[in-house]
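Asks: Supplied structure: run.pdb, PDB, C-alpha atoms and all ligand atoms.
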ATOM      1  CA  MET A   1       0.406 239.320 113.099
ATOM      2  CA  GLU A   2      -2.183 242.003 112.441
ATOM      3  CA  ARG A   3      -5.776 241.021 112.699
ATOM      4  CA  ARG A   4      -8.381 242.968 110.835
ATOM      5  CA  ASP A   5     -10.932 242.573 113.569
ATOM      6  CA  PRO A   6      -9.731 243.607 117.028
ATOM      7  CA  ASP A   7     -13.166 243.252 118.560
ATOM      8  CA  PRO A   8     -13.256 240.436 121.137
ATOM      9  CA  VAL A   9     -17.007 240.075 120.864
ATOM     10  CA  ARG A  10     -16.953 239.676 117.115
ATOM     11  CA  ARG A  11     -13.856 237.496 117.245
ATOM     12  CA  LEU A  12     -15.598 235.261 119.727
ATOM     13  CA  VAL A  13     -18.373 234.837 117.209
ATOM     14  CA  VAL A  14     -15.886 234.029 114.466
ATOM     15  CA  ASP A  15     -13.889 231.650 116.666
ATOM     16  CA  ASN A  16     -16.732 230.062 118.439
ATOM     17  CA  VAL A  17     -20.479 230.309 118.217
ATOM     18  CA  VAL A  18     -23.079 232.672 116.848
ATOM     19  CA  MET A  19     -24.496 233.529 120.228
ATOM     20  CA  ALA A  20     -22.001 233.726 123.041
ATOM     21  CA  THR A  21     -22.358 234.364 126.760
ATOM     22  CA  LEU A  22     -20.178 237.074 128.199
ATOM     23  CA  VAL A  23     -19.767 237.559 131.941
ATOM     24  CA  ALA A  24     -18.260 240.849 133.143
ATOM     25  CA  PHE A  25     -16.877 240.694 136.677
ATOM     26  CA  HIS A  26     -16.590 244.052 138.438
ATOM     27  CA  ALA A  27     -15.714 245.304 141.902
ATOM     28  CA  HIS A  28     -18.443 247.883 142.597
ATOM     29  CA  PRO A  29     -21.608 249.279 141.037
ATOM     30  CA  ASP A  30     -20.522 251.933 138.472
ATOM     31  CA  ASP A  31     -17.260 250.181 137.522
ATOM     32  CA  GLU A  32     -19.170 248.376 134.769
ATOM     33  CA  VAL A  33     -19.706 251.640 132.868
ATOM     34  CA  ILE A  34     -16.347 253.367 132.568
ATOM     35  CA  LEU A  35     -14.241 250.329 131.702
ATOM     36  CA  THR A  36     -16.688 248.103 129.842
ATOM     37  CA  GLY A  37     -20.008 249.900 129.259
ATOM     38  CA  GLY A  38     -19.594 250.215 125.499
ATOM     39  CA  THR A  39     -18.389 246.640 125.136
ATOM     40  CA  LEU A  40     -21.379 245.314 127.081
ATOM     41  CA  ALA A  41     -23.795 247.446 125.053
ATOM     42  CA  GLN A  42     -22.212 246.248 121.819
ATOM     43  CA  ALA A  43     -22.297 242.582 122.860
ATOM     44  CA  ALA A  44     -25.972 242.861 123.834
ATOM     45  CA  ALA A  45     -26.805 244.730 120.623
ATOM     46  CA  GLU A  46     -25.163 241.943 118.620
ATOM     47  CA  GLY A  47     -27.375 239.327 120.261
ATOM     48  CA  HIS A  48     -25.018 237.872 122.849
ATOM     49  CA  ARG A  49     -26.048 237.081 126.395
ATOM     50  CA  VAL A  50     -24.468 239.586 128.773
ATOM     51  CA  VAL A  51     -24.176 239.057 132.535
ATOM     52  CA  VAL A  52     -22.684 241.504 135.049
ATOM     53  CA  VAL A  53     -21.399 240.265 138.393
ATOM     54  CA  VAL A  54     -20.253 242.678 141.099
ATOM     55  CA  ALA A  55     -18.205 241.537 144.049
ATOM     56  CA  CYS A  56     -19.310 244.369 146.373
ATOM     57  CA  ASP A  57     -22.625 246.119 146.853
ATOM     58  CA  GLY A  58     -21.286 249.658 147.309
ATOM     59  CA  VAL A  59     -22.162 249.719 150.998
ATOM     60  CA  MET A  60     -19.544 249.981 153.767
ATOM     61  CA  GLY A  61     -21.860 249.155 156.682
ATOM     62  CA  ALA A  62     -24.971 247.002 157.145
ATOM     63  CA  VAL A  63     -27.273 246.816 154.137
ATOM     64  CA  PRO A  64     -30.429 248.892 154.749
ATOM     65  CA  PRO A  65     -33.727 246.952 154.902
ATOM     66  CA  GLN A  66     -34.771 248.196 151.463
ATOM     67  CA  GLY A  67     -31.562 246.830 149.919
ATOM     68  CA  ALA A  68     -28.303 248.386 148.737
ATOM     69  CA  PRO A  69     -29.089 251.600 146.807
ATOM     70  CA  ARG A  70     -26.073 251.222 144.550
ATOM     71  CA  LEU A  71     -27.175 247.726 143.494
ATOM     72  CA  ARG A  72     -30.467 249.271 142.377
ATOM     73  CA  GLU A  73     -28.501 251.858 140.411
ATOM     74  CA  LEU A  74     -26.399 249.088 138.911
ATOM     75  CA  ARG A  75     -29.553 247.315 137.701
ATOM     76  CA  ALA A  76     -30.776 250.557 136.124
ATOM     77  CA  SER A  77     -27.403 251.090 134.437
ATOM     78  CA  ALA A  78     -27.286 247.477 133.256
ATOM     79  CA  ALA A  79     -30.788 247.732 131.783
ATOM     80  CA  ILE A  80     -29.688 250.766 129.751
ATOM     81  CA  LEU A  81     -26.694 248.807 128.436
ATOM     82  CA  GLY A  82     -28.906 245.844 127.487
ATOM     83  CA  VAL A  83     -27.438 243.509 130.137
ATOM     84  CA  HIS A  84     -29.579 240.413 130.723
ATOM     85  CA  ARG A  85     -28.644 239.513 134.289
ATOM     86  CA  VAL A  86     -26.998 241.242 137.254
ATOM     87  CA  GLU A  87     -25.642 239.383 140.269
ATOM     88  CA  HIS A  88     -23.891 240.409 143.493
ATOM     89  CA  LEU A  89     -21.336 237.956 144.933
ATOM     90  CA  GLY A  90     -22.383 238.960 148.440
ATOM     91  CA  TYR A  91     -19.490 241.071 149.746
ATOM     92  CA  ALA A  92     -19.205 244.532 151.287
ATOM     93  CA  ASP A  93     -16.795 247.193 150.023
ATOM     94  CA  SER A  94     -13.318 247.162 151.517
ATOM     95  CA  GLY A  95     -12.741 250.908 151.196
ATOM     96  CA  HIS A  96      -9.697 252.542 149.642
ATOM     97  CA  GLY A  97      -8.048 254.096 152.702
ATOM     98  CA  PRO A  98      -5.138 252.742 154.772
ATOM     99  CA  ILE A  99      -7.528 251.090 157.258
ATOM    100  CA  LEU A 100      -9.484 247.942 156.506
ATOM    101  CA  TYR A 101     -12.466 248.360 158.794
ATOM    102  CA  PRO A 102     -14.054 245.398 160.594
ATOM    103  CA  ASP A 103     -16.647 243.489 158.599
ATOM    104  CA  PRO A 104     -20.253 244.711 158.851
ATOM    105  CA  PRO A 105     -22.478 242.339 160.842
ATOM    106  CA  ASP A 106     -24.154 240.781 157.812
ATOM    107  CA  ARG A 107     -21.310 240.021 155.391
ATOM    108  CA  ALA A 108     -17.537 240.050 154.799
ATOM    109  CA  ARG A 109     -15.552 242.765 153.080
ATOM    110  CA  PHE A 110     -14.314 241.505 149.731
ATOM    111  CA  THR A 111     -10.590 241.735 150.516
ATOM    112  CA  ARG A 112     -11.054 239.972 153.853
ATOM    113  CA  ALA A 113     -13.098 237.128 152.370
ATOM    114  CA  ASP A 114     -11.402 233.856 151.449
ATOM    115  CA  PRO A 115     -10.351 234.359 147.787
ATOM    116  CA  GLU A 116     -10.921 230.685 147.015
ATOM    117  CA  GLU A 117     -14.472 230.869 148.324
ATOM    118  CA  ALA A 118     -15.086 234.047 146.315
ATOM    119  CA  ALA A 119     -13.692 232.350 143.194
ATOM    120  CA  GLU A 120     -16.005 229.387 143.799
ATOM    121  CA  ARG A 121     -19.019 231.703 144.011
ATOM    122  CA  LEU A 122     -18.077 233.300 140.687
ATOM    123  CA  ALA A 123     -17.193 229.944 139.118
ATOM    124  CA  ALA A 124     -20.652 228.607 140.024
ATOM    125  CA  LEU A 125     -22.184 231.492 138.065
ATOM    126  CA  LEU A 126     -19.805 230.955 135.147
ATOM    127  CA  ARG A 127     -20.729 227.263 135.014
ATOM    128  CA  ALA A 128     -24.464 227.953 135.291
ATOM    129  CA  GLU A 129     -24.201 230.493 132.457
ATOM    130  CA  ASN A 130     -21.855 228.282 130.433
ATOM    131  CA  ALA A 131     -19.778 231.441 129.934
ATOM    132  CA  ASP A 132     -17.692 231.712 126.774
ATOM    133  CA  LEU A 133     -15.878 234.862 127.807
ATOM    134  CA  LEU A 134     -15.010 236.451 131.146
ATOM    135  CA  LEU A 135     -14.172 240.134 131.444
ATOM    136  CA  SER A 136     -12.124 240.907 134.544
ATOM    137  CA  TYR A 137      -9.435 243.438 135.631
ATOM    138  CA  ASP A 138      -5.748 243.868 134.892
ATOM    139  CA  PRO A 139      -3.140 242.826 137.516
ATOM    140  CA  ASN A 140      -2.956 246.369 138.943
ATOM    141  CA  GLY A 141      -6.700 246.406 139.470
ATOM    142  CA  GLY A 142      -6.749 249.526 137.276
ATOM    143  CA  TYR A 143      -5.963 252.386 139.656
ATOM    144  CA  GLY A 144      -5.156 249.986 142.491
ATOM    145  CA  HIS A 145      -8.250 249.917 144.706
ATOM    146  CA  PRO A 146      -7.854 246.779 146.880
ATOM    147  CA  ASP A 147     -11.249 245.448 145.741
ATOM    148  CA  HIS A 148     -10.185 245.881 142.108
ATOM    149  CA  VAL A 149      -6.911 244.026 142.667
ATOM    150  CA  ARG A 150      -8.926 241.244 144.273
ATOM    151  CA  VAL A 151     -11.277 241.126 141.266
ATOM    152  CA  HIS A 152      -8.236 240.398 139.118
ATOM    153  CA  GLN A 153      -7.124 237.524 141.371
ATOM    154  CA  VAL A 154     -10.582 236.046 141.910
ATOM    155  CA  GLY A 155     -11.491 236.432 138.227
ATOM    156  CA  ARG A 156      -8.499 234.409 137.045
ATOM    157  CA  ARG A 157      -9.058 231.686 139.617
ATOM    158  CA  ALA A 158     -12.772 231.449 138.833
ATOM    159  CA  ALA A 159     -12.036 231.142 135.103
ATOM    160  CA  GLU A 160      -9.666 228.295 135.896
ATOM    161  CA  LEU A 161     -12.185 226.546 138.153
ATOM    162  CA  ALA A 162     -15.012 226.885 135.627
ATOM    163  CA  GLY A 163     -12.887 226.199 132.550
ATOM    164  CA  VAL A 164     -13.790 229.461 130.800
ATOM    165  CA  ARG A 165     -11.873 229.499 127.556
ATOM    166  CA  ARG A 166     -11.295 233.209 127.146
ATOM    167  CA  VAL A 167     -10.475 235.895 129.686
ATOM    168  CA  LEU A 168     -10.058 239.536 128.727
ATOM    169  CA  GLU A 169      -8.912 241.913 131.441
ATOM    170  CA  ALA A 170     -10.277 245.443 131.229
ATOM    171  CA  THR A 171      -7.639 248.114 131.467
ATOM    172  CA  MET A 172      -6.514 251.418 129.958
ATOM    173  CA  PRO A 173      -3.211 252.487 128.439
ATOM    174  CA  ARG A 174      -1.282 254.170 131.256
ATOM    175  CA  ASP A 175      -0.309 257.177 129.142
ATOM    176  CA  THR A 176      -3.974 257.744 128.182
ATOM    177  CA  VAL A 177      -4.907 257.767 131.870
ATOM    178  CA  GLN A 178      -2.125 260.249 132.622
ATOM    179  CA  ARG A 179      -3.330 262.509 129.768
ATOM    180  CA  LEU A 180      -6.893 262.387 131.120
ATOM    181  CA  VAL A 181      -5.658 263.308 134.614
ATOM    182  CA  ARG A 182      -3.731 266.287 133.157
ATOM    183  CA  LEU A 183      -6.907 267.369 131.334
ATOM    184  CA  ILE A 184      -8.941 267.135 134.561
ATOM    185  CA  ARG A 185      -6.341 269.312 136.339
ATOM    186  CA  LEU A 186      -6.249 271.780 133.460
ATOM    187  CA  LEU A 187     -10.037 272.156 133.646
ATOM    188  CA  ARG A 188      -9.701 272.602 137.442
ATOM    189  CA  ILE A 189     -12.200 269.831 138.150
ATOM    190  CA  PRO A 190     -11.840 268.670 141.777
ATOM    191  CA  PHE A 191     -10.107 265.286 141.747
ATOM    192  CA  ARG A 192      -8.765 263.973 145.037
ATOM    193  CA  PHE A 193      -5.811 261.941 143.840
ATOM    194  CA  ASP A 194      -2.083 262.733 144.121
ATOM    195  CA  ASP A 195      -0.341 263.911 140.973
ATOM    196  CA  ASN A 196       1.704 260.709 140.750
ATOM    197  CA  ALA A 197      -1.142 258.382 141.788
ATOM    198  CA  PHE A 198      -1.403 256.966 138.273
ATOM    199  CA  ASP A 199       2.282 256.432 137.489
ATOM    200  CA  ALA A 200       2.215 252.655 137.928
ATOM    201  CA  THR A 201      -1.444 251.895 137.355
ATOM    202  CA  TYR A 202      -3.463 250.241 134.588
ATOM    203  CA  SER A 203      -1.280 248.792 131.812
ATOM    204  CA  PRO A 204       1.525 249.790 129.490
ATOM    205  CA  ALA A 205       0.284 250.037 125.898
ATOM    206  CA  SER A 206       2.363 246.956 125.030
ATOM    207  CA  ALA A 207       0.205 244.766 127.296
ATOM    208  CA  ILE A 208      -3.050 245.697 125.564
ATOM    209  CA  THR A 209      -4.381 243.182 123.054
ATOM    210  CA  HIS A 210      -7.796 244.668 122.222
ATOM    211  CA  ARG A 211      -8.800 248.277 121.607
ATOM    212  CA  LEU A 212     -12.491 248.779 120.984
ATOM    213  CA  ASN A 213     -14.076 251.815 119.453
ATOM    214  CA  VAL A 214     -17.447 251.977 121.192
ATOM    215  CA  ARG A 215     -18.294 255.571 120.300
ATOM    216  CA  ARG A 216     -21.583 254.557 118.718
ATOM    217  CA  PHE A 217     -22.683 253.405 122.176
ATOM    218  CA  ALA A 218     -21.683 256.742 123.790
ATOM    219  CA  ARG A 219     -25.288 257.778 124.427
ATOM    220  CA  GLN A 220     -26.048 254.506 126.238
ATOM    221  CA  LYS A 221     -22.767 254.675 128.148
ATOM    222  CA  ARG A 222     -23.463 258.232 129.297
ATOM    223  CA  ALA A 223     -27.026 257.318 130.360
ATOM    224  CA  ALA A 224     -25.731 254.248 132.231
ATOM    225  CA  LEU A 225     -23.215 256.419 134.091
ATOM    226  CA  ALA A 226     -25.966 258.926 134.928
ATOM    227  CA  ALA A 227     -28.044 256.077 136.420
ATOM    228  CA  HIS A 228     -25.483 255.860 139.231
ATOM    229  CA  LEU A 229     -27.184 258.645 141.177
ATOM    230  CA  SER A 230     -25.247 258.111 144.416
ATOM    231  CA  GLU A 231     -22.018 258.592 142.497
ATOM    232  CA  VAL A 232     -23.257 261.568 140.485
ATOM    233  CA  ASN A 233     -24.817 263.318 143.495
ATOM    234  CA  GLY A 234     -22.283 262.161 146.081
ATOM    235  CA  ASN A 235     -18.948 263.465 147.297
ATOM    236  CA  GLY A 236     -16.744 260.524 146.362
ATOM    237  CA  ARG A 237     -13.277 260.988 144.925
ATOM    238  CA  ILE A 238     -14.469 261.026 141.323
ATOM    239  CA  ALA A 239     -17.925 262.535 141.903
ATOM    240  CA  SER A 240     -17.011 265.928 140.428
ATOM    241  CA  VAL A 241     -15.556 264.290 137.326
ATOM    242  CA  THR A 242     -18.639 262.082 136.964
ATOM    243  CA  ARG A 243     -20.931 265.123 137.181
ATOM    244  CA  VAL A 244     -18.999 266.782 134.367
ATOM    245  CA  LEU A 245     -19.021 263.615 132.234
ATOM    246  CA  VAL A 246     -22.776 262.993 132.408
ATOM    247  CA  ARG A 247     -23.441 266.572 131.251
ATOM    248  CA  LEU A 248     -21.171 266.402 128.220
ATOM    249  CA  PRO A 249     -22.751 266.362 124.761
ATOM    250  CA  VAL A 250     -22.777 262.791 123.426
ATOM    251  CA  PRO A 251     -20.071 263.389 120.748
ATOM    252  CA  LEU A 252     -17.672 264.837 123.332
ATOM    253  CA  PHE A 253     -18.491 262.056 125.801
ATOM    254  CA  GLY A 254     -17.754 259.589 123.004
ATOM    255  CA  LEU A 255     -14.464 261.280 122.271
ATOM    256  CA  LEU A 256     -13.366 260.936 125.892
ATOM    257  CA  LEU A 257     -14.928 257.584 126.826
ATOM    258  CA  GLY A 258     -15.600 255.972 123.450
ATOM    259  CA  ARG A 259     -12.703 253.565 123.674
ATOM    260  CA  GLU A 260     -12.273 250.497 125.833
ATOM    261  CA  TRP A 261      -9.191 248.353 126.236
ATOM    262  CA  PHE A 262      -8.488 244.755 127.207
ATOM    263  CA  SER A 263      -5.567 242.421 127.721
ATOM    264  CA  GLU A 264      -6.302 238.852 126.776
ATOM    265  CA  VAL A 265      -4.883 236.343 129.223
ATOM    266  CA  SER A 266      -3.270 233.221 127.893
ATOM    267  CA  MET A 267      -5.076 230.247 129.369
ATOM    268  CA  SER A 268      -1.790 228.562 130.247
ATOM    269  CA  THR A 269      -1.047 231.534 132.530
ATOM    270  CA  ILE A 270      -4.373 230.993 134.210
ATOM    271  CA  ALA A 271      -3.709 227.327 134.672
ATOM    272  CA  GLY A 272      -0.504 228.242 136.527
ATOM    273  CA  ARG A 273       1.837 226.914 133.868
ATOM    274  CA  THR A 274       4.576 228.974 132.286
ATOM    275  CA  ALA A 275       3.166 231.420 129.775
ATOM    276  CA  PRO A 276       4.543 231.023 126.272
ATOM    277  CA  SER A 277       7.265 233.582 125.705
ATOM    278  CA  GLY A 278       6.499 236.452 123.368
ATOM    279  CA  GLN A 279       2.763 236.143 123.735
ATOM    280  CA  GLU A 280       1.172 237.115 120.462
ATOM    281  CA  SER A 281       0.154 240.725 120.246
ATOM    282  CA  THR A 282      -3.119 241.319 118.501
ATOM    283  CA  THR A 283      -2.965 245.066 118.885
ATOM    284  CA  THR A 284      -4.515 246.577 115.820
ATOM    285  CA  PRO A 285      -6.059 249.888 114.850
ATOM    286  CA  ASP A 286      -9.745 250.380 115.452
ATOM    287  CA  VAL A 287     -11.911 249.005 112.691
ATOM    288  CA  ALA A 288     -14.417 251.797 112.990
ATOM    289  CA  GLY A 289     -11.930 254.405 114.168
TER     290      GLY A 289
HETATM  291 ZN    ZN B   1     -14.671 250.206 141.984
END
Would you mind giving the structure from this file in structure tokens?
Ligand SMILES: [Zn+2]

Replies:
Amino acid sequence: MERRDPDPVRRLVVDNVVMATLVAFHAHPDDEVILTGGTLAQAAAEGHRVVVVVACDGVMGAVPPQGAPRLRELRASAAILGVHRVEHLGYADSGHGPILYPDPPDRARFTRADPEEAAERLAALLRAENADLLLSYDPNGGYGHPDHVRVHQVGRRAAELAGVRRVLEATMPRDTVQRLVRLIRLLRIPFRFDDNAFDATYSPASAITHRLNVRRFARQKRAALAAHLSEVNGNGRIASVTRVLVRLPVPLFGLLLGREWFSEVSMSTIAGRTAPSGQESTTTPDVAG
């Protein structure tokens, strides 16, 4: 069945209440922008309460006395998007290499932490916020970073524990990701991933239930990305790409990053029961597209 309004925020309003509370669960500071920045900005602009929770603080070692720099950048980014509250679940990054390093002295790495305890921490926030909607990650954790895969697992469990009625998992259509990677190679932008690194990542188009056109929030999304100074000025695997993105004119930025995608999870799947077969697809064209 085609729905005229594919926008989860607006549909939540239609289905539920005038002012909803949306909690977006992310792995690291900066993840909130690329996958969900436009959605968060739109939700805030429409008068909903928007909360961002990150599992990790973007630090591999001990947190410096003045606090984690990337959490400060996250707060700056969130302020630009209109987010009302930012919380850190208390974990350190796990890293993306083959080695899971020992925990820093002051906290556990997210993938080494007890997933049930992590889910309880998130569930406590969801209950306190009386969250109507949780944004989390697809089963592949997007491109497969261990912390992102764990966000998927912990997000679903927390929604179950807290009884959140709707869970939308941020993702991208796999073929769109592969096209973007080809474009990056064509433009000879340094990008330290193997050519086939994205073959089994994100989601097939058939799994996507919501496609949002968030181009009118492109300026905010670009500014939020630029607030992640350690990423923009660093030498991480996507630093060169980020530097190019934040310098793009807003219309071009909007063309490249003005869409966001989600897969809605059936609550019976979350509750561990058998999902109804042939889960309804609500894939529709963009309203504003
Ligand atoms: Zn991340």

Asks: What is the atom CA of A:Leu161 to atom CA of A:Ala123 distance in Å?

Replies: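 Those two atoms sit 6.1 Å apart.
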
Asks: Mind checking which residues fall within 10 Å of stretch 37-51 of chain A, counting all atoms listed in the file, ignoring those fewer than 4 positions away in the same chain, and posting them as a short mmCIF file (atom, residue, chain, number, x, y, z; two decimals) with C-alpha atoms, keeping the file's coordinate frame?

Replies:
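Just written: around17.cif:
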data_model
loop_
_atom_site.label_atom_id
_atom_site.label_comp_id
_atom_site.auth_asym_id
_atom_site.auth_seq_id
_atom_site.Cartn_x
_atom_site.Cartn_y
_atom_site.Cartn_z
CA ASP A 7 -13.17 243.25 118.56
CA PRO A 8 -13.26 240.44 121.14
CA VAL A 9 -17.01 240.08 120.86
CA ARG A 10 -16.95 239.68 117.12
CA VAL A 13 -18.37 234.84 117.21
CA VAL A 17 -20.48 230.31 118.22
CA VAL A 18 -23.08 232.67 116.85
CA MET A 19 -24.50 233.53 120.23
CA ALA A 20 -22.00 233.73 123.04
CA THR A 21 -22.36 234.36 126.76
CA LEU A 22 -20.18 237.07 128.20
CA VAL A 23 -19.77 237.56 131.94
CA ALA A 24 -18.26 240.85 133.14
CA PHE A 25 -16.88 240.69 136.68
CA ASP A 30 -20.52 251.93 138.47
CA ASP A 31 -17.26 250.18 137.52
CA GLU A 32 -19.17 248.38 134.77
CA VAL A 33 -19.71 251.64 132.87
CA SER A 77 -27.40 251.09 134.44
CA ALA A 78 -27.29 247.48 133.26
CA ALA A 79 -30.79 247.73 131.78
CA ILE A 80 -29.69 250.77 129.75
CA LEU A 81 -26.69 248.81 128.44
CA GLY A 82 -28.91 245.84 127.49
CA VAL A 83 -27.44 243.51 130.14
CA HIS A 84 -29.58 240.41 130.72
CA ARG A 85 -28.64 239.51 134.29
CA VAL A 86 -27.00 241.24 137.25
CA GLU A 87 -25.64 239.38 140.27
CA LEU A 125 -22.18 231.49 138.06
CA LEU A 126 -19.80 230.96 135.15
CA GLU A 129 -24.20 230.49 132.46
CA ALA A 131 -19.78 231.44 129.93
CA ASP A 132 -17.69 231.71 126.77
CA LEU A 133 -15.88 234.86 127.81
CA LEU A 134 -15.01 236.45 131.15
CA LEU A 135 -14.17 240.13 131.44
CA LEU A 212 -12.49 248.78 120.98
CA ASN A 213 -14.08 251.82 119.45
CA VAL A 214 -17.45 251.98 121.19
CA ARG A 215 -18.29 255.57 120.30
CA ARG A 216 -21.58 254.56 118.72
CA PHE A 217 -22.68 253.40 122.18
CA ALA A 218 -21.68 256.74 123.79
CA ARG A 219 -25.29 257.78 124.43
CA GLN A 220 -26.05 254.51 126.24
CA LYS A 221 -22.77 254.68 128.15
CA ARG A 222 -23.46 258.23 129.30
CA ALA A 224 -25.73 254.25 132.23
CA LEU A 225 -23.22 256.42 134.09
CA GLY A 254 -17.75 259.59 123.00
CA LEU A 257 -14.93 257.58 126.83
CA GLY A 258 -15.60 255.97 123.45
CA ARG A 259 -12.70 253.56 123.67
CA GLU A 260 -12.27 250.50 125.83
CA TRP A 261 -9.19 248.35 126.24
#

Asks: Counting all atoms listed in the file, give me one row per residue of stretch 49-107 of chain A with an atom at most 12 Å from an atom of stretch 235-239 of chain A, showing the shortest contact pair and its distance in Å to one decimal, sorted by chain then residue number, as JSON lines.

Replies:
{"residue": "A:Gly58", "atom": "CA", "partner": "A:Gly236", "partner_atom": "CA", "distance": 11.8}
{"residue": "A:Gly95", "atom": "CA", "partner": "A:Gly236", "partner_atom": "CA", "distance": 11.5}
{"residue": "A:His96", "atom": "CA", "partner": "A:Arg237", "partner_atom": "CA", "distance": 10.3}
{"residue": "A:Gly97", "atom": "CA", "partner": "A:Arg237", "partner_atom": "CA", "distance": 11.6}

Asks: Using all atoms listed in the file, tabulate the residues of chain A lying at most 10 Å from any atom of ligand ZN 1 (chain B), each with its closest atom pair and that distance in Å to one decimal, by chain and increasing residue number, as a tab-separated table.

Replies:
residue	atom	partner	partner_atom	distance
A:His26	CA	B:ZN1	ZN	7.4
A:Ala27	CA	B:ZN1	ZN	5.0
A:His28	CA	B:ZN1	ZN	4.5
A:Pro29	CA	B:ZN1	ZN	7.1
A:Asp30	CA	B:ZN1	ZN	7.0
A:Asp31	CA	B:ZN1	ZN	5.2
A:Glu32	CA	B:ZN1	ZN	8.7
A:Val54	CA	B:ZN1	ZN	9.4
A:Ala55	CA	B:ZN1	ZN	9.6
A:Cys56	CA	B:ZN1	ZN	8.7
A:Gly58	CA	B:ZN1	ZN	8.5
A:Asp93	CA	B:ZN1	ZN	8.8
A:Gly95	CA	B:ZN1	ZN	9.4
A:His96	CA	B:ZN1	ZN	9.4
A:Gly141	CA	B:ZN1	ZN	9.2
A:Gly142	CA	B:ZN1	ZN	9.2
A:Tyr143	CA	B:ZN1	ZN	9.3
A:Gly144	CA	B:ZN1	ZN	9.5
A:His145	CA	B:ZN1	ZN	7.0
A:Pro146	CA	B:ZN1	ZN	9.1
A:Asp147	CA	B:ZN1	ZN	7.0
A:His148	CA	B:ZN1	ZN	6.2
A:Val149	CA	B:ZN1	ZN	9.9
A:Val151	CA	B:ZN1	ZN	9.7

Asks: Once the PyMOL selection byres (((chain A and resi 244) around 12) and not hetatm) has been applied to the shown file, what residues remain in the selection, as a list of chain:residue names?

Replies: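 This file, filtered by the PyMOL selection byres (((chain A and resi 244) around 12) and not hetatm), leaves A:Ile184, A:Leu187, A:Arg188, A:Ile189, A:Pro190, A:Phe191, A:Arg222, A:Leu225, A:Ala226, A:Glu231, A:Val232, A:Asn233, A:Ile238, A:Ala239, A:Ser240, A:Val241, A:Thr242, A:Arg243, A:Leu245, A:Val246, A:Arg247, A:Leu248, A:Pro249, A:Leu252, A:Phe253, A:Leu256.
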
Asks: Let's have the selection written as a short mmCIF file (atom, residue, chain, number, x, y, z; two decimals), in the coordinates of the input, with C-alpha atoms.

Replies:
data_model
loop_
_atom_site.label_atom_id
_atom_site.label_comp_id
_atom_site.auth_asym_id
_atom_site.auth_seq_id
_atom_site.Cartn_x
_atom_site.Cartn_y
_atom_site.Cartn_z
CA ILE A 184 -8.94 267.14 134.56
CA LEU A 187 -10.04 272.16 133.65
CA ARG A 188 -9.70 272.60 137.44
CA ILE A 189 -12.20 269.83 138.15
CA PRO A 190 -11.84 268.67 141.78
CA PHE A 191 -10.11 265.29 141.75
CA ARG A 222 -23.46 258.23 129.30
CA LEU A 225 -23.22 256.42 134.09
CA ALA A 226 -25.97 258.93 134.93
CA GLU A 231 -22.02 258.59 142.50
CA VAL A 232 -23.26 261.57 140.49
CA ASN A 233 -24.82 263.32 143.50
CA ILE A 238 -14.47 261.03 141.32
CA ALA A 239 -17.92 262.54 141.90
CA SER A 240 -17.01 265.93 140.43
CA VAL A 241 -15.56 264.29 137.33
CA THR A 242 -18.64 262.08 136.96
CA ARG A 243 -20.93 265.12 137.18
CA LEU A 245 -19.02 263.62 132.23
CA VAL A 246 -22.78 262.99 132.41
CA ARG A 247 -23.44 266.57 131.25
CA LEU A 248 -21.17 266.40 128.22
CA PRO A 249 -22.75 266.36 124.76
CA LEU A 252 -17.67 264.84 123.33
CA PHE A 253 -18.49 262.06 125.80
CA LEU A 256 -13.37 260.94 125.89
#

Asks: Any idea what's packed within 9 Å of A:Arg156, counting only C-alpha atoms, ignoring anything in its chain fewer than 6 positions away? Could you give it as a ChimeraX atom specification?

Replies: /A:119,136,167,265,270-271

Asks: If you measure from atom CA of A:Ser266 to atom CA of A:Phe198, what distance in Å do you get, rounded to one decimal?

Replies: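 Value for the atom CA of A:Ser266-atom CA of A:Phe198 distance: 26.0 Å.
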
Asks: Written as a compact mmCIF listing (two decimals) with C-alpha atoms, in the coordinates of the input, what is the full residue list that the PyMOL selection byres (((chain A and resi 262) around 8) and not hetatm) yields on the file shown?

Replies:
# COMPACT_ATOMS: atom_id res chain seq x y z
CA LEU A 168 -10.06 239.54 128.73
CA GLU A 169 -8.91 241.91 131.44
CA ALA A 170 -10.28 245.44 131.23
CA THR A 171 -7.64 248.11 131.47
CA MET A 172 -6.51 251.42 129.96
CA ILE A 208 -3.05 245.70 125.56
CA THR A 209 -4.38 243.18 123.05
CA HIS A 210 -7.80 244.67 122.22
CA ARG A 211 -8.80 248.28 121.61
CA GLU A 260 -12.27 250.50 125.83
CA TRP A 261 -9.19 248.35 126.24
CA SER A 263 -5.57 242.42 127.72
CA GLU A 264 -6.30 238.85 126.78

Asks: Please, which residues in stretch 104-219 of chain A fall within 12 Å of stretch 63-66 of chain A when counting only C-alpha atoms, and what is the closest atom pair and distance in Å to one decimal for each, ordered by chain then residue number, as a Markdown table?

Replies:
| residue | atom | partner | partner_atom | distance |
| --- | --- | --- | --- | --- |
| A:Pro104 | CA | A:Val63 | CA | 8.7 |
| A:Pro105 | CA | A:Val63 | CA | 9.4 |
| A:Asp106 | CA | A:Val63 | CA | 7.7 |
| A:Arg107 | CA | A:Val63 | CA | 9.1 |
| A:Ala108 | CA | A:Val63 | CA | 11.9 |

Asks: Please provide as a list in words all residues within 9 Å of A:Ala118, with the sequence filter that same-chain residues fewer than 4 positions apart are discarded (counting all atoms listed in the file).

Replies: Ala55, Leu89, Tyr91, Phe110, Ala113, Asp114, Leu122, Ala123, Val154 and Ala158 of chain A

Asks: Return the single residue from A:Ser230, A:Asn140, A:Ser203, A:Thr111 that is closest to A:Asp175, with distances computed using only C-alpha atoms.

Replies: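 Answer, going by the shortest atom-to-atom distance: A:Ser203.
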